[in-house]
$ cat entry-v4.cif   # mmCIF, C-alpha atoms
data_start
loop_
_atom_site.group_PDB
_atom_site.id
_atom_site.type_symbol
_atom_site.label_atom_id
_atom_site.label_comp_id
_atom_site.auth_asym_id
_atom_site.auth_seq_id
_atom_site.Cartn_x
_atom_site.Cartn_y
_atom_site.Cartn_z
ATOM 1 C CA PHE T 1 5.364 9.189 10.701
ATOM 2 C CA THR T 2 8.590 8.440 12.537
ATOM 3 C CA CYS T 3 8.245 9.044 16.263
ATOM 4 C CA GLU T 4 5.432 8.716 18.824
ATOM 5 C CA ASP T 5 6.891 11.484 21.002
ATOM 6 C CA SER T 6 6.470 14.208 18.391
ATOM 7 C CA TRP T 7 2.852 13.380 17.555
ATOM 8 C CA HIS T 8 0.524 16.284 18.381
ATOM 9 C CA GLU T 9 -3.259 16.231 18.379
ATOM 10 C CA THR T 10 -3.486 18.581 15.393
ATOM 11 C CA ARG T 11 -1.120 16.397 13.427
ATOM 12 C CA SER T 12 -3.227 13.384 14.330
ATOM 13 C CA GLU T 13 -6.434 14.989 13.076
ATOM 14 C CA VAL T 14 -4.820 16.065 9.812
ATOM 15 C CA SER T 15 -3.372 12.597 9.257
ATOM 16 C CA LYS T 16 -6.771 10.987 9.759
ATOM 17 C CA VAL T 17 -8.159 13.016 6.859
ATOM 18 C CA THR T 18 -5.157 12.886 4.570
ATOM 19 C CA VAL T 19 -4.474 9.147 4.831
ATOM 20 C CA ALA T 20 -7.866 8.379 3.329
ATOM 21 C CA ILE T 21 -7.269 10.851 0.491
ATOM 22 C CA LEU T 22 -3.768 9.502 -0.123
ATOM 23 C CA LEU T 23 -4.946 5.896 -0.274
ATOM 24 C CA ARG T 24 -7.808 6.765 -2.607
ATOM 25 C CA ARG T 25 -5.332 8.490 -4.936
ATOM 26 C CA CYS T 26 -2.994 5.481 -4.819
ATOM 27 C CA GLU T 27 -5.910 3.173 -5.558
ATOM 28 C CA THR T 28 -6.888 5.335 -8.535
ATOM 29 C CA ILE T 29 -3.338 5.237 -9.927
ATOM 30 C CA LEU T 30 -3.160 1.453 -9.545
ATOM 31 C CA GLU T 31 -6.593 0.979 -11.131
ATOM 32 C CA LYS T 32 -5.640 3.241 -14.045
ATOM 33 C CA PHE T 33 -2.477 1.203 -14.615
ATOM 34 C CA LEU T 34 -4.510 -2.020 -14.646
ATOM 35 C CA THR T 35 -7.096 -0.577 -17.013
ATOM 36 C CA ASP T 36 -4.442 0.718 -19.383
ATOM 37 C CA GLU T 37 -2.476 -2.511 -19.316
ATOM 38 C CA ASN T 38 -5.583 -4.554 -20.075
ATOM 39 C CA SER T 39 -6.897 -2.252 -22.810
ATOM 40 C CA ILE T 40 -3.651 -1.528 -24.625
ATOM 41 C CA GLY T 41 -3.096 -5.143 -25.618
ATOM 42 C CA GLU T 42 0.435 -6.089 -26.618
ATOM 43 C CA HIS T 43 1.528 -2.485 -27.103
ATOM 44 C CA PRO T 44 3.848 -1.037 -24.469
ATOM 45 C CA LEU T 45 2.427 1.262 -21.835
ATOM 46 C CA PRO T 46 3.589 4.865 -21.787
ATOM 47 C CA SER T 47 6.729 5.132 -19.653
ATOM 48 C CA VAL T 48 5.126 7.817 -17.490
ATOM 49 C CA ARG T 49 2.342 5.406 -16.476
ATOM 50 C CA ILE T 50 4.884 2.737 -15.526
ATOM 51 C CA GLU T 51 7.082 5.204 -13.620
ATOM 52 C CA GLU T 52 4.102 6.589 -11.710
ATOM 53 C CA THR T 53 2.953 3.108 -10.690
ATOM 54 C CA VAL T 54 6.440 1.998 -9.682
ATOM 55 C CA TYR T 55 6.868 5.151 -7.592
ATOM 56 C CA VAL T 56 3.527 4.614 -5.834
ATOM 57 C CA LEU T 57 4.368 0.990 -5.019
ATOM 58 C CA GLN T 58 7.834 1.920 -3.717
ATOM 59 C CA GLU T 59 6.464 4.665 -1.500
ATOM 60 C CA LEU T 60 3.684 2.453 -0.159
ATOM 61 C CA ALA T 61 6.328 -0.039 0.954
ATOM 62 C CA ARG T 62 8.226 2.735 2.758
ATOM 63 C CA LEU T 63 5.202 4.475 4.259
ATOM 64 C CA SER T 64 4.606 4.193 7.977
ATOM 65 C CA ILE T 65 1.374 5.614 9.381
ATOM 66 C CA HIS T 66 0.463 6.534 12.928
ATOM 67 C CA SER T 67 -1.986 4.338 14.820
ATOM 68 C CA ASP T 68 -4.455 7.254 14.979
ATOM 69 C CA ALA T 69 -4.489 7.441 11.184
ATOM 70 C CA ALA T 70 -4.746 3.662 10.903
ATOM 71 C CA ALA T 71 -7.818 3.732 13.132
ATOM 72 C CA VAL T 72 -9.872 5.562 10.485
ATOM 73 C CA LEU T 73 -9.153 3.032 7.741
ATOM 74 C CA GLN T 74 -12.036 0.781 6.757
ATOM 75 C CA LEU T 75 -10.497 -2.534 7.778
ATOM 76 C CA PRO T 76 -12.133 -5.549 9.392
ATOM 77 C CA PRO T 77 -11.688 -5.500 13.180
ATOM 78 C CA SER T 78 -9.947 -8.888 13.025
ATOM 79 C CA ILE T 79 -7.189 -7.451 10.806
ATOM 80 C CA ILE T 80 -6.732 -4.433 13.085
ATOM 81 C CA GLU T 81 -6.517 -6.769 16.071
ATOM 82 C CA ILE T 82 -3.817 -8.923 14.425
ATOM 83 C CA LEU T 83 -1.821 -5.861 13.379
ATOM 84 C CA LYS T 84 -1.957 -4.402 16.881
ATOM 85 C CA LYS T 85 -1.038 -7.740 18.424
ATOM 86 C CA ASN T 86 1.986 -8.068 16.124
ATOM 87 C CA ASN T 87 2.832 -4.351 16.552
ATOM 88 C CA ASN T 88 2.468 -3.759 12.800
ATOM 89 C CA ILE T 89 -0.337 -1.177 12.738
ATOM 90 C CA ARG T 90 1.981 1.239 10.916
ATOM 91 C CA ARG T 91 1.441 -0.690 7.684
ATOM 92 C CA ALA T 92 -2.353 -0.870 7.885
ATOM 93 C CA HIS T 93 -2.571 1.150 4.664
ATOM 94 C CA LEU T 94 -1.359 -1.891 2.724
ATOM 95 C CA TYR T 95 -4.490 -3.818 3.647
ATOM 96 C CA VAL T 96 -6.741 -1.159 2.143
ATOM 97 C CA LEU T 97 -4.956 -1.647 -1.182
ATOM 98 C CA PHE T 98 -4.658 -5.438 -0.941
ATOM 99 C CA PRO T 99 -7.298 -6.123 -3.654
ATOM 100 C CA SER T 100 -5.379 -3.910 -6.089
ATOM 101 C CA PHE T 101 -2.128 -5.707 -5.283
ATOM 102 C CA CYS T 102 -3.789 -9.032 -6.040
ATOM 103 C CA GLU T 103 -4.775 -7.753 -9.488
ATOM 104 C CA LEU T 104 -1.294 -6.363 -10.181
ATOM 105 C CA VAL T 105 0.544 -9.573 -9.337
ATOM 106 C CA VAL T 106 0.060 -10.738 -12.953
ATOM 107 C CA SER T 107 1.187 -7.491 -14.576
ATOM 108 C CA ARG T 108 3.320 -7.708 -17.706
ATOM 109 C CA GLU T 109 5.660 -5.111 -16.208
ATOM 110 C CA VAL T 110 8.416 -6.932 -14.326
ATOM 111 C CA LYS T 111 9.202 -4.049 -11.953
ATOM 112 C CA VAL T 112 5.535 -3.710 -11.013
ATOM 113 C CA ARG T 113 5.257 -7.466 -10.343
ATOM 114 C CA GLU T 114 8.407 -7.421 -8.207
ATOM 115 C CA LEU T 115 7.202 -4.486 -6.112
ATOM 116 C CA VAL T 116 3.782 -6.061 -5.620
ATOM 117 C CA GLN T 117 5.510 -9.224 -4.416
ATOM 118 C CA VAL T 118 7.464 -7.130 -1.898
ATOM 119 C CA LEU T 119 4.229 -5.573 -0.634
ATOM 120 C CA LEU T 120 2.498 -8.946 -0.395
ATOM 121 C CA ARG T 121 5.457 -10.297 1.583
ATOM 122 C CA LEU T 122 5.172 -7.350 3.986
ATOM 123 C CA ILE T 123 1.490 -8.152 4.465
ATOM 124 C CA ALA T 124 2.238 -11.847 5.011
ATOM 125 C CA THR T 125 4.912 -11.002 7.570
ATOM 126 C CA ASP T 126 2.551 -8.652 9.403
ATOM 127 C CA LEU T 127 -0.007 -11.437 9.607
ATOM 128 C CA GLY T 128 2.586 -13.929 10.820
ATOM 129 C CA LEU T 129 2.382 -15.930 7.595
ATOM 130 C CA GLN T 130 6.010 -15.817 6.510
ATOM 131 C CA ARG T 131 7.504 -19.025 5.200
ATOM 132 C CA SER T 132 9.528 -21.122 7.572
ATOM 133 C CA ARG T 133 12.860 -22.126 6.095
#
$ encode --input "entry-v4.cif" --output "C-alpha coordinates"
Amino acid sequence: FTCEDSWHETRSEVSKVTVAILLRRCETILEKFLTDENSIGEHPLPSVRIEETVYVLQELARLSIHSDAAAVLQLPPSIIEILKKNNNIRRAHLYVLFPSFCELVVSREVKVRELVQVLLRLIATDLGLQRSR
(Lines of atoms letter the chains of each structure in order from A and count residues from 1; the text may use other names and numbers.)
(Lines give C-alpha, C1' and ligand atoms only; values in the text may rest on other atoms or scores of the structure.)
Protein backbone atom coordinates (compact mmCIF):
# COMPACT_ATOMS: atom_id res chain seq x y z
CA PHE A 1 0.00 0.00 0.00
CA THR A 2 1.37 3.40 -0.95
CA CYS A 3 -1.42 5.90 -1.56
CA GLU A 4 -4.91 6.49 -0.14
CA ASP A 5 -6.15 8.02 -3.40
CA SER A 6 -5.68 4.86 -5.44
CA TRP A 7 -7.44 2.55 -2.99
CA HIS A 8 -10.55 0.97 -4.53
CA GLU A 9 -13.20 -1.04 -2.74
CA THR A 10 -12.24 -4.27 -4.52
CA ARG A 11 -8.63 -3.79 -3.55
CA SER A 12 -9.71 -3.21 0.03
CA GLU A 13 -11.71 -6.44 0.17
CA VAL A 14 -8.86 -8.46 -1.32
CA SER A 15 -6.36 -6.95 1.12
CA LYS A 16 -8.56 -7.84 4.08
CA VAL A 17 -8.37 -11.51 3.11
CA THR A 18 -4.77 -11.63 1.99
CA VAL A 19 -3.24 -9.80 4.96
CA ALA A 20 -4.44 -12.53 7.31
CA ILE A 21 -3.04 -15.24 5.03
CA LEU A 22 0.26 -13.38 4.64
CA LEU A 23 0.69 -12.92 8.38
CA ARG A 24 -0.14 -16.55 9.09
CA ARG A 25 2.51 -17.61 6.57
CA CYS A 26 5.06 -15.25 8.14
CA GLU A 27 4.22 -16.61 11.58
CA THR A 28 4.70 -20.17 10.31
CA ILE A 29 8.12 -19.31 8.84
CA LEU A 30 9.22 -17.64 12.08
CA GLU A 31 7.95 -20.55 14.19
CA LYS A 32 9.73 -23.06 11.94
CA PHE A 33 12.98 -21.12 12.32
CA LEU A 34 12.61 -21.15 16.11
CA THR A 35 11.80 -24.85 16.18
CA ASP A 36 14.75 -25.70 13.96
CA GLU A 37 17.14 -23.51 15.90
CA ASN A 38 16.09 -25.07 19.19
CA SER A 39 16.13 -28.67 17.94
CA ILE A 40 19.34 -28.58 15.92
CA GLY A 41 21.52 -27.84 18.92
CA GLU A 42 24.95 -26.40 18.19
CA HIS A 43 24.86 -27.40 14.53
CA PRO A 44 24.38 -24.60 12.01
CA LEU A 45 20.97 -24.10 10.46
CA PRO A 46 20.60 -24.65 6.73
CA SER A 47 21.39 -21.41 4.91
CA VAL A 48 18.02 -21.49 3.14
CA ARG A 49 16.20 -21.39 6.49
CA ILE A 50 18.26 -18.39 7.61
CA GLU A 51 17.81 -16.57 4.29
CA GLU A 52 14.06 -17.15 4.32
CA THR A 53 13.73 -15.81 7.87
CA VAL A 54 15.92 -12.79 7.17
CA TYR A 55 13.88 -12.00 4.05
CA VAL A 56 10.59 -12.25 5.96
CA LEU A 57 11.84 -9.95 8.72
CA GLN A 58 13.17 -7.39 6.21
CA GLU A 59 9.92 -7.34 4.28
CA LEU A 60 7.83 -7.04 7.43
CA ALA A 61 9.80 -3.93 8.34
CA ARG A 62 9.11 -2.44 4.90
CA LEU A 63 5.47 -3.49 4.66
CA SER A 64 2.80 -0.83 4.94
CA ILE A 65 -0.83 -1.96 5.09
CA HIS A 66 -4.01 -0.01 4.47
CA SER A 67 -6.22 0.88 7.42
CA ASP A 68 -9.00 -1.30 5.97
CA ALA A 69 -6.70 -4.32 6.07
CA ALA A 70 -5.48 -3.40 9.55
CA ALA A 71 -9.08 -3.35 10.76
CA VAL A 72 -9.45 -7.11 10.26
CA LEU A 73 -6.40 -8.00 12.34
CA GLN A 74 -7.09 -9.55 15.73
CA LEU A 75 -5.57 -6.82 17.89
CA PRO A 76 -6.77 -5.43 21.21
CA PRO A 77 -8.86 -2.28 20.71
CA SER A 78 -6.43 -0.33 22.91
CA ILE A 79 -3.55 -1.05 20.51
CA ILE A 80 -5.64 -0.05 17.48
CA GLU A 81 -6.61 3.16 19.26
CA ILE A 82 -2.97 4.06 20.02
CA LEU A 83 -1.90 3.29 16.46
CA LYS A 84 -4.67 5.43 15.01
CA LYS A 85 -3.91 8.24 17.43
CA ASN A 86 -0.22 8.19 16.48
CA ASN A 87 -1.09 7.73 12.77
CA ASN A 88 0.82 4.43 12.66
CA ILE A 89 -1.96 2.01 11.67
CA ARG A 90 0.05 1.03 8.58
CA ARG A 91 2.32 -1.11 10.74
CA ALA A 92 -0.43 -2.93 12.64
CA HIS A 93 0.79 -6.22 11.17
CA LEU A 94 3.86 -6.05 13.42
CA TYR A 95 1.69 -6.37 16.51
CA VAL A 96 0.18 -9.63 15.30
CA LEU A 97 3.69 -11.09 15.12
CA PHE A 98 4.98 -9.47 18.32
CA PRO A 99 5.04 -12.75 20.32
CA SER A 100 7.22 -14.35 17.63
CA PHE A 101 9.59 -11.38 17.67
CA CYS A 102 9.97 -11.74 21.42
CA GLU A 103 11.03 -15.37 20.97
CA LEU A 104 13.47 -14.51 18.17
CA VAL A 105 15.28 -11.79 20.11
CA VAL A 106 17.59 -14.45 21.60
CA SER A 107 18.36 -16.20 18.31
CA ARG A 108 21.90 -17.41 17.72
CA GLU A 109 21.77 -15.87 14.24
CA VAL A 110 23.12 -12.32 14.46
CA LYS A 111 21.25 -11.03 11.39
CA VAL A 112 17.96 -12.38 12.73
CA ARG A 113 18.56 -10.75 16.13
CA GLU A 114 19.42 -7.42 14.50
CA LEU A 115 16.31 -7.43 12.33
CA VAL A 116 14.09 -8.36 15.27
CA GLN A 117 15.57 -5.43 17.19
CA VAL A 118 14.69 -3.14 14.27
CA LEU A 119 11.11 -4.42 14.31
CA LEU A 120 10.83 -4.03 18.08
CA ARG A 121 12.11 -0.46 17.78
CA LEU A 122 9.44 0.26 15.15
CA ILE A 123 6.80 -1.07 17.53
CA ALA A 124 8.18 1.00 20.42
CA THR A 125 8.18 4.13 18.27
CA ASP A 126 4.60 3.49 17.16
CA LEU A 127 3.56 3.21 20.80
CA GLY A 128 5.44 6.38 21.72
CA LEU A 129 7.97 4.45 23.79
CA GLN A 130 11.18 5.51 22.09
CA ARG A 131 14.10 6.38 24.32
CA SER A 132 14.71 10.01 25.09
CA ARG A 133 18.32 10.99 24.53
$ residues_around --input "entry-v4.cif" --residues "region 35-52 of chain T" --least-positions-apart "5" --cutoff "9 Å" --atoms "all atoms listed in the file" --output "count of residues only"
8
$ residues_around --input "entry-v4.cif" --residues "region 79-87 of chain T" --least-positions-apart "2" --cutoff "10 Å" --atoms "only C-alpha atoms" --output "PyMOL selection string"
chain T and resi 67+70-71+73-77+89-92+95+123+125-128
$ atom_distance --input "entry-v4.cif" --atom1 "CA of Leu119 (chain T)" --atom2 "CA of Val106 (chain T)"
14.0 Å
$ resolve_selection --input "entry-v4.cif" --expression "the PyMOL selection byres ((chain T and resi 59) around 12)" --output "NGL selection string"
:T and (22-23 or 26 or 52-58 or 60-64 or 91 or 93-94 or 115-116 or 118-119)
$ atom_distance --input "entry-v4.cif" --atom1 "CA of Leu104 (chain T)" --atom2 "CA of Ser78 (chain T)"
24.9 Å
$ closest_residue --input "entry-v4.cif" --among "T:Val96, T:His66, T:Ser12, T:Asn88" --to "Arg24 (chain T)" --atoms "all atoms listed in the file"
T:Val96
$ residues_near_point --input "entry-v4.cif" --point "(-4.2, -3.1, -11.0)" --cutoff "7 Å" --atoms "all atoms listed in the file" --output "short mmCIF file (atom, residue, chain, number, x, y, z; two decimals) with C-alpha atoms, in the frame of the given file"
data_model
loop_
_atom_site.label_atom_id
_atom_site.label_comp_id
_atom_site.auth_asym_id
_atom_site.auth_seq_id
_atom_site.Cartn_x
_atom_site.Cartn_y
_atom_site.Cartn_z
CA LEU T 30 -3.16 1.45 -9.54
CA GLU T 31 -6.59 0.98 -11.13
CA PHE T 33 -2.48 1.20 -14.62
CA LEU T 34 -4.51 -2.02 -14.65
CA SER T 100 -5.38 -3.91 -6.09
CA PHE T 101 -2.13 -5.71 -5.28
CA GLU T 103 -4.78 -7.75 -9.49
CA LEU T 104 -1.29 -6.36 -10.18
#
$ atom_distance --input "entry-v4.cif" --atom1 "CA of Thr28 (chain T)" --atom2 "CA of Cys102 (chain T)"
14.9 Å
$ axis_aligned_box --input "entry-v4.cif" --around "region 39-52 of chain T" --padding-each-side "4 Å" --output "AutoDock Vina command-line options"
--center_x 0.1 --center_y 0.9 --center_z -19.4 --size_x 22.0 --size_y 21.9 --size_z 23.4
$ build_atoms --input "entry-v4.cif" --residues "region 103-124 of chain T" --atoms "N, CA, C and O atoms" --output "short mmCIF file (atom, residue, chain, number, x, y, z; two decimals), keeping the file's coordinate frame"
data_model
loop_
_atom_site.label_atom_id
_atom_site.label_comp_id
_atom_site.auth_asym_id
_atom_site.auth_seq_id
_atom_site.Cartn_x
_atom_site.Cartn_y
_atom_site.Cartn_z
N GLU T 103 -4.58 -7.92 -8.04
CA GLU T 103 -4.78 -7.75 -9.49
C GLU T 103 -3.45 -7.49 -10.20
O GLU T 103 -3.23 -7.96 -11.32
N LEU T 104 -2.56 -6.75 -9.56
CA LEU T 104 -1.29 -6.36 -10.18
C LEU T 104 -0.25 -7.47 -10.19
O LEU T 104 0.76 -7.36 -10.89
N VAL T 105 -0.46 -8.51 -9.44
CA VAL T 105 0.54 -9.57 -9.34
C VAL T 105 0.80 -10.26 -10.68
O VAL T 105 1.85 -10.86 -10.88
N VAL T 106 -0.11 -10.13 -11.62
CA VAL T 106 0.06 -10.74 -12.95
C VAL T 106 0.39 -9.70 -14.03
O VAL T 106 0.26 -9.97 -15.22
N SER T 107 0.83 -8.54 -13.63
CA SER T 107 1.19 -7.49 -14.58
C SER T 107 2.29 -7.95 -15.53
O SER T 107 3.15 -8.76 -15.17
N ARG T 108 2.26 -7.42 -16.73
CA ARG T 108 3.32 -7.71 -17.71
C ARG T 108 4.61 -6.96 -17.37
O ARG T 108 5.68 -7.34 -17.83
N GLU T 109 4.50 -5.91 -16.58
CA GLU T 109 5.66 -5.11 -16.21
C GLU T 109 6.40 -5.78 -15.05
O GLU T 109 5.87 -5.90 -13.95
N VAL T 110 7.62 -6.19 -15.30
CA VAL T 110 8.42 -6.93 -14.33
C VAL T 110 8.60 -6.13 -13.03
O VAL T 110 8.42 -6.67 -11.94
N LYS T 111 8.95 -4.87 -13.15
CA LYS T 111 9.20 -4.05 -11.95
C LYS T 111 7.94 -3.93 -11.10
O LYS T 111 7.99 -3.99 -9.87
N VAL T 112 6.81 -3.79 -11.73
CA VAL T 112 5.54 -3.71 -11.01
C VAL T 112 5.28 -5.03 -10.28
O VAL T 112 4.94 -5.03 -9.09
N ARG T 113 5.45 -6.14 -10.98
CA ARG T 113 5.26 -7.47 -10.34
C ARG T 113 6.18 -7.64 -9.15
O ARG T 113 5.76 -8.12 -8.09
N GLU T 114 7.44 -7.27 -9.30
CA GLU T 114 8.41 -7.42 -8.21
C GLU T 114 8.02 -6.59 -6.99
O GLU T 114 8.09 -7.06 -5.86
N LEU T 115 7.60 -5.36 -7.23
CA LEU T 115 7.20 -4.49 -6.11
C LEU T 115 5.93 -4.99 -5.43
O LEU T 115 5.81 -4.92 -4.21
N VAL T 116 5.00 -5.50 -6.20
CA VAL T 116 3.78 -6.06 -5.62
C VAL T 116 4.14 -7.28 -4.76
O VAL T 116 3.59 -7.45 -3.67
N GLN T 117 5.07 -8.08 -5.22
CA GLN T 117 5.51 -9.22 -4.42
C GLN T 117 6.12 -8.77 -3.10
O GLN T 117 5.87 -9.37 -2.05
N VAL T 118 6.89 -7.69 -3.13
CA VAL T 118 7.46 -7.13 -1.90
C VAL T 118 6.34 -6.71 -0.95
O VAL T 118 6.38 -7.04 0.25
N LEU T 119 5.34 -6.02 -1.47
CA LEU T 119 4.23 -5.57 -0.63
C LEU T 119 3.44 -6.75 -0.07
O LEU T 119 3.05 -6.74 1.11
N LEU T 120 3.22 -7.77 -0.88
CA LEU T 120 2.50 -8.95 -0.40
C LEU T 120 3.30 -9.69 0.67
O LEU T 120 2.73 -10.23 1.63
N ARG T 121 4.61 -9.69 0.53
CA ARG T 121 5.46 -10.30 1.58
C ARG T 121 5.37 -9.51 2.89
O ARG T 121 5.36 -10.09 3.97
N LEU T 122 5.34 -8.18 2.78
CA LEU T 122 5.17 -7.35 3.99
C LEU T 122 3.85 -7.68 4.68
O LEU T 122 3.80 -7.81 5.91
N ILE T 123 2.80 -7.81 3.91
CA ILE T 123 1.49 -8.15 4.46
C ILE T 123 1.54 -9.53 5.13
O ILE T 123 1.06 -9.71 6.25
N ALA T 124 2.14 -10.49 4.45
CA ALA T 124 2.24 -11.85 5.01
C ALA T 124 3.03 -11.85 6.31
O ALA T 124 2.64 -12.51 7.29
#
